[in-house]
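Asker: Dumping the structure here so I can ask a few things about it.
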Amino acid sequence: MTAPLYSPGDSLLHRAPASAKLAGLVVLGTAVFLTADLALLLPAALAGVLLLAIVRPPRARLTRQLAGSAILIGLVALIAGLSQGWHQAAVVALRFSAIVLAALAVTLSTRAADMLEAIEALLAPLDRRGLVDSARIALAVSLVLRFVPDILGHYREIREAQAARGLDANPLALIVPLVVRTLKDADDIAAAIEARGFPPDRPGR
Amino acid sequence: MRHPDPSTSADNAAVVTVELDRAGVVIDGRTIIAPTTLTLKERRIGVIGANGSGKSTFARLLNGLVVPTTGAVRIDGLDTAREAAKIRRSVGFVFQNPDNQIVFPIIAEDMAFGLKNSGLAKVEIPTRVTAELARLGIAHLVERASHSLSGGEKQLAALAAVLVMRPKLVVFDEPTTLLDLKNRNRIRAVIDALAASALVVTHDLDLVERFDRVLVIEDGRIAADDTPRAAIAWYRERAAA
């Protein structure tokens with residue numbers, strides 16, 4: 001088991017209710033896709049930086065978590081720039097940066113159980129109408145966050161094991177064992193969740 | 001083949017009756033557990049056997065994680081195939097690898113998960129969590145992230161998450177396999193002191209030598225069912241053959 005995304009702390013964002021943080025993230029995510037005005041997108045991305053500064057996660061962890069996103073955003077922006085012009089590239093880069101930075105600030109400052117409760121609360125109106133099962137969706141989202149560091153940990157272990165046997169980095173040779181291990185873990189976690197009484201009994205369901 | 005009288009157990013208050021009624025498991029045409037009829041009432045039951053003999057599947061039958069493909073398994077009269085949710089409130093399960101048992105990253109929130117599923121009032125959850133951790137002597141772990149714990153601490157935390165549900169029977173699937181000697185002794189002491197009944201699947205023969213009854217599983221069948229001394233001796237002889 002590797003370090004979770006959550007980073008303990010006592011910042012303003014840590015103390016804010018998880019539901020407010022999630023709602024804010026939804027509003028921000030929607031808003032940045034409703035505009036292509038750089039004068040609005042730039043402050044949105046800077047707001048993401050500000051949020052991360054408030055959370056103040058350990059620098060090494062932040063660097064590690066941002067590196068992958070930065071490469072991905074750079075690639076998407078490059079493709080947008082080459083196909084639709086550099087203004088569009090800036091729009092895409094700022095949009096995704098705003099969302100990624102804000103989402104990272106939220107995951108770093110929110111405990112998994114609080115996230116689960118907040119998602120359940122946000123979906124409760126739909127649940128009452130029988131449209132969704134809020135407990136299952138909330139648990140699924142929490143498990144995604146739980147699995148991300150585990151998958152990265154498995155990746156490192158498999159890569160090390162292969163390097164120890166003198167194998168070069170080969171995407172197929174990495175992906176196959178990684179998928180197999182992740183599915184095995186998913187099976188084990190599913191059994192553990194089931195063994196602990198999930199889903200809870202609910203009258204009328 | 002014989003088994004000891006359960007009335008010799010120290011305390012029958014938490015005794016659970018497990019009945020296998022021609023219960024068998026066949027997966028993809030392969031017999032994992034042959035049809036077995038058995039009643040277990042002892043407070044401490046050990047299950048030993050070689051790798052791949054069907055021990056873990058046998059354990060998983062007891063709280064409905066695996067349902068029999070033939071026959072039935074009943075816990076205090078409840079059928080695991082039909083009333084698994086109810087059974088899981090009284091039968092806890094401790095997995096071999098705590099990393100795969102601990103669902104949430106912080107110990108307190110992981111322990112709260114089962115309690116929340118059981119419908120316990122939210123205000124009562126922290127008290128129950130703290131009390132259980134204190135009872136196991138690991139109160140200091142309450143706000144710790146599970147990834148930062150040692151193997152022994154993780155196994156104790158995983159066990160705490162099961163015990164906090166106050167089960168009547170705890171099923172352990174090789175609880176000491178990944179542990180060093182010191183932590184193995186710690187888990188052993190916890191099992192010895194449990195008020196609940198315990199069924200322990202293990203390769204650690206010392207762990208079950210003071211139990212009430214030991215089953216030896218071989219190729220999906222109960223090959224021996226006896227006192228620990230006799231069952232372990234039988235198993236050692238088979239392994240040496």
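Within each chain, counting starts at residue 1; across the structure tokens, chains are named A, B, ... in the order shown, with ligands numbered 1 upward in that order.
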Hey, could you make a per-residue contact list for chain B against chain A with 9 Å as the cut-off, showing the nearest pair of atoms and its distance in Å to one decimal, counting only C-alpha atoms, sorted by chain and number, as JSON lines?

Answerer:
{"residue": "B:Asn63", "atom": "CA", "partner": "A:Ala195", "partner_atom": "CA", "distance": 7.3}
{"residue": "B:Gly64", "atom": "CA", "partner": "A:Ala195", "partner_atom": "CA", "distance": 8.2}
{"residue": "B:Leu65", "atom": "CA", "partner": "A:Ala191", "partner_atom": "CA", "distance": 6.7}
{"residue": "B:Ala84", "atom": "CA", "partner": "A:Gly197", "partner_atom": "CA", "distance": 8.9}
{"residue": "B:Ala85", "atom": "CA", "partner": "A:Gly197", "partner_atom": "CA", "distance": 6.2}
{"residue": "B:Lys86", "atom": "CA", "partner": "A:Gly197", "partner_atom": "CA", "distance": 8.5}
{"residue": "B:Arg88", "atom": "CA", "partner": "A:Gly197", "partner_atom": "CA", "distance": 6.0}
{"residue": "B:Arg89", "atom": "CA", "partner": "A:Gly197", "partner_atom": "CA", "distance": 6.8}
{"residue": "B:Val91", "atom": "CA", "partner": "A:Ala195", "partner_atom": "CA", "distance": 8.5}
{"residue": "B:Gly92", "atom": "CA", "partner": "A:Ala195", "partner_atom": "CA", "distance": 7.0}
{"residue": "B:Phe93", "atom": "CA", "partner": "A:Ala195", "partner_atom": "CA", "distance": 6.4}
{"residue": "B:Val94", "atom": "CA", "partner": "A:Ala192", "partner_atom": "CA", "distance": 8.5}
{"residue": "B:Phe95", "atom": "CA", "partner": "A:Ala192", "partner_atom": "CA", "distance": 7.7}
{"residue": "B:Asp99", "atom": "CA", "partner": "A:Met1", "partner_atom": "CA", "distance": 5.7}
{"residue": "B:Asn100", "atom": "CA", "partner": "A:Ile189", "partner_atom": "CA", "distance": 5.4}
{"residue": "B:Gln101", "atom": "CA", "partner": "A:Ala192", "partner_atom": "CA", "distance": 5.2}
{"residue": "B:Ile102", "atom": "CA", "partner": "A:Ala192", "partner_atom": "CA", "distance": 7.9}
{"residue": "B:Val103", "atom": "CA", "partner": "A:Ile189", "partner_atom": "CA", "distance": 7.0}
{"residue": "B:Phe104", "atom": "CA", "partner": "A:Ala112", "partner_atom": "CA", "distance": 6.5}
{"residue": "B:Pro105", "atom": "CA", "partner": "A:Pro4", "partner_atom": "CA", "distance": 6.2}
{"residue": "B:Ile106", "atom": "CA", "partner": "A:Arg111", "partner_atom": "CA", "distance": 7.9}
{"residue": "B:Glu109", "atom": "CA", "partner": "A:Ala113", "partner_atom": "CA", "distance": 6.0}
{"residue": "B:Asp110", "atom": "CA", "partner": "A:Ala113", "partner_atom": "CA", "distance": 8.0}
{"residue": "B:Ala112", "atom": "CA", "partner": "A:Ala113", "partner_atom": "CA", "distance": 8.7}
{"residue": "B:Phe113", "atom": "CA", "partner": "A:Arg196", "partner_atom": "CA", "distance": 7.9}
{"residue": "B:Gly114", "atom": "CA", "partner": "A:Arg196", "partner_atom": "CA", "distance": 5.2}
{"residue": "B:Leu115", "atom": "CA", "partner": "A:Arg196", "partner_atom": "CA", "distance": 8.5}
{"residue": "B:Lys116", "atom": "CA", "partner": "A:Pro200", "partner_atom": "CA", "distance": 8.2}
{"residue": "B:Asn117", "atom": "CA", "partner": "A:Pro200", "partner_atom": "CA", "distance": 4.7}
{"residue": "B:Ser118", "atom": "CA", "partner": "A:Pro200", "partner_atom": "CA", "distance": 6.4}
{"residue": "B:Gly119", "atom": "CA", "partner": "A:Pro200", "partner_atom": "CA", "distance": 7.5}
{"residue": "B:Ala145", "atom": "CA", "partner": "A:Ala3", "partner_atom": "CA", "distance": 7.9}
{"residue": "B:Ser146", "atom": "CA", "partner": "A:Met1", "partner_atom": "CA", "distance": 7.8}
{"residue": "B:His147", "atom": "CA", "partner": "A:Met1", "partner_atom": "CA", "distance": 5.4}
{"residue": "B:Ser148", "atom": "CA", "partner": "A:Ala3", "partner_atom": "CA", "distance": 7.6}
{"residue": "B:Ala161", "atom": "CA", "partner": "A:Arg196", "partner_atom": "CA", "distance": 8.8}
{"residue": "B:Val162", "atom": "CA", "partner": "A:Arg196", "partner_atom": "CA", "distance": 7.6}
{"residue": "B:Met165", "atom": "CA", "partner": "A:Arg196", "partner_atom": "CA", "distance": 8.7}

Asker: For the structure I just gave you, how does DSSP split region 3-240 of chain B - specifically, which residues are strand (DSSP E)? Reply as a ChimeraX atom specification.

Answerer: /B:18-27,30-40,44-49,70-75,78-79,91-94,169-173,197-201,213-218,221-226

Asker: Compile the contact shell of Val214 (chain B) as a list of chain:residue names: residues with an atom at most 7 Å away, counting only C-alpha atoms, same-chain residues fewer than 6 positions apart removed.

Answerer: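 With the cut-off at 7 Å, the set is B:Ile45, B:Gly46, B:Val47, B:Asp225, B:Asp226, B:Thr227, B:Pro228, B:Ala231.
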
Asker: Excluding region 180-183 of chain B and residues on its chain fewer than 2 positions from it, collect all residues at most 12 Å away from it, counting only C-alpha atoms, and give them as a compact mmCIF listing (two decimals) with C-alpha atoms, in the first residue's frame.

Answerer:
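That gives us result15.txt:
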# COMPACT_ATOMS: atom_id res chain seq x y z
CA SER B 150 4.46 -1.71 9.93
CA GLY B 151 3.14 -5.10 8.81
CA GLY B 152 2.17 -6.05 12.36
CA GLU B 153 0.44 -2.74 13.02
CA LYS B 154 -1.46 -3.05 9.75
CA GLN B 155 -2.66 -6.55 10.63
CA LEU B 156 -3.75 -5.34 14.08
CA PRO B 175 -3.40 -13.96 9.66
CA THR B 176 0.26 -14.48 10.55
CA THR B 177 1.73 -15.55 7.21
CA LEU B 178 3.22 -12.14 6.38
CA ASN B 185 2.98 -13.59 18.81
CA ARG B 186 0.98 -10.38 19.12
CA ILE B 187 -1.73 -11.63 16.77
CA ARG B 188 -1.69 -14.98 18.55
CA ALA B 189 -2.26 -13.24 21.91
CA VAL B 190 -5.15 -11.28 20.44
CA ASP B 204 1.33 -21.82 11.58
CA ASP B 206 1.91 -23.57 16.80
CA LEU B 207 -0.97 -21.13 16.52

Asker: Based on the backbone DSSP call, show me all residues of region 160-212 of chain B assigned helix (DSSP H, G or I), as a ChimeraX atom specification.

Answerer: /B:160-163,181-193,205-208

Asker: Considering only C-alpha atoms, give me a table of residues in region 66-171 of chain A that are at most 8 Å from region 12-15 of chain A, with the closest atom pair and distance in Å for each, as a tab-separated table.

Answerer:
residue	atom	partner	partner_atom	distance
A:Val106	CA	A:Leu13	CA	7.6
A:Ser109	CA	A:His14	CA	4.7
A:Thr110	CA	A:His14	CA	6.3

Asker: Report, in Å with one decimal, the straight-line distance from CA of Ala23 (chain B) to CA of Leu40 (chain B).

Answerer: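 Pair CA of Ala23 (chain B) / CA of Leu40 (chain B) returns 13.6 Å.
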
Asker: With only C-alpha atoms as the counted atoms, please give the residues lying no more than 10 Å from Phe33 (chain A), apart from itself and same-chain residues fewer than 5 positions off, as a VMD selection string.

Answerer: chain A and resid 28 41 91 to 92 95 to 96

Asker: Go ahead and dump the residues you just picked, C-alpha atoms, as a CSV table (one decimal), in the first residue's frame.

Answerer:
chain,number,residue,atom,x,y,z
A,28,LEU,CA,-15.1,25.7,-11.5
A,41,LEU,CA,-9.0,31.5,-17.6
A,91,VAL,CA,-7.2,28.1,-23.7
A,92,VAL,CA,-6.8,24.4,-23.4
A,95,ARG,CA,-8.6,25.2,-18.6
A,96,PHE,CA,-7.0,21.9,-17.8

Asker: Using only C-alpha atoms, which residue out of A:Leu104, A:Ala77, A:Val32, A:Ala98 lies closest to Val55 (chain A)?

Answerer: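 Among the listed residues, A:Leu104 lies closest to Val55 (chain A).
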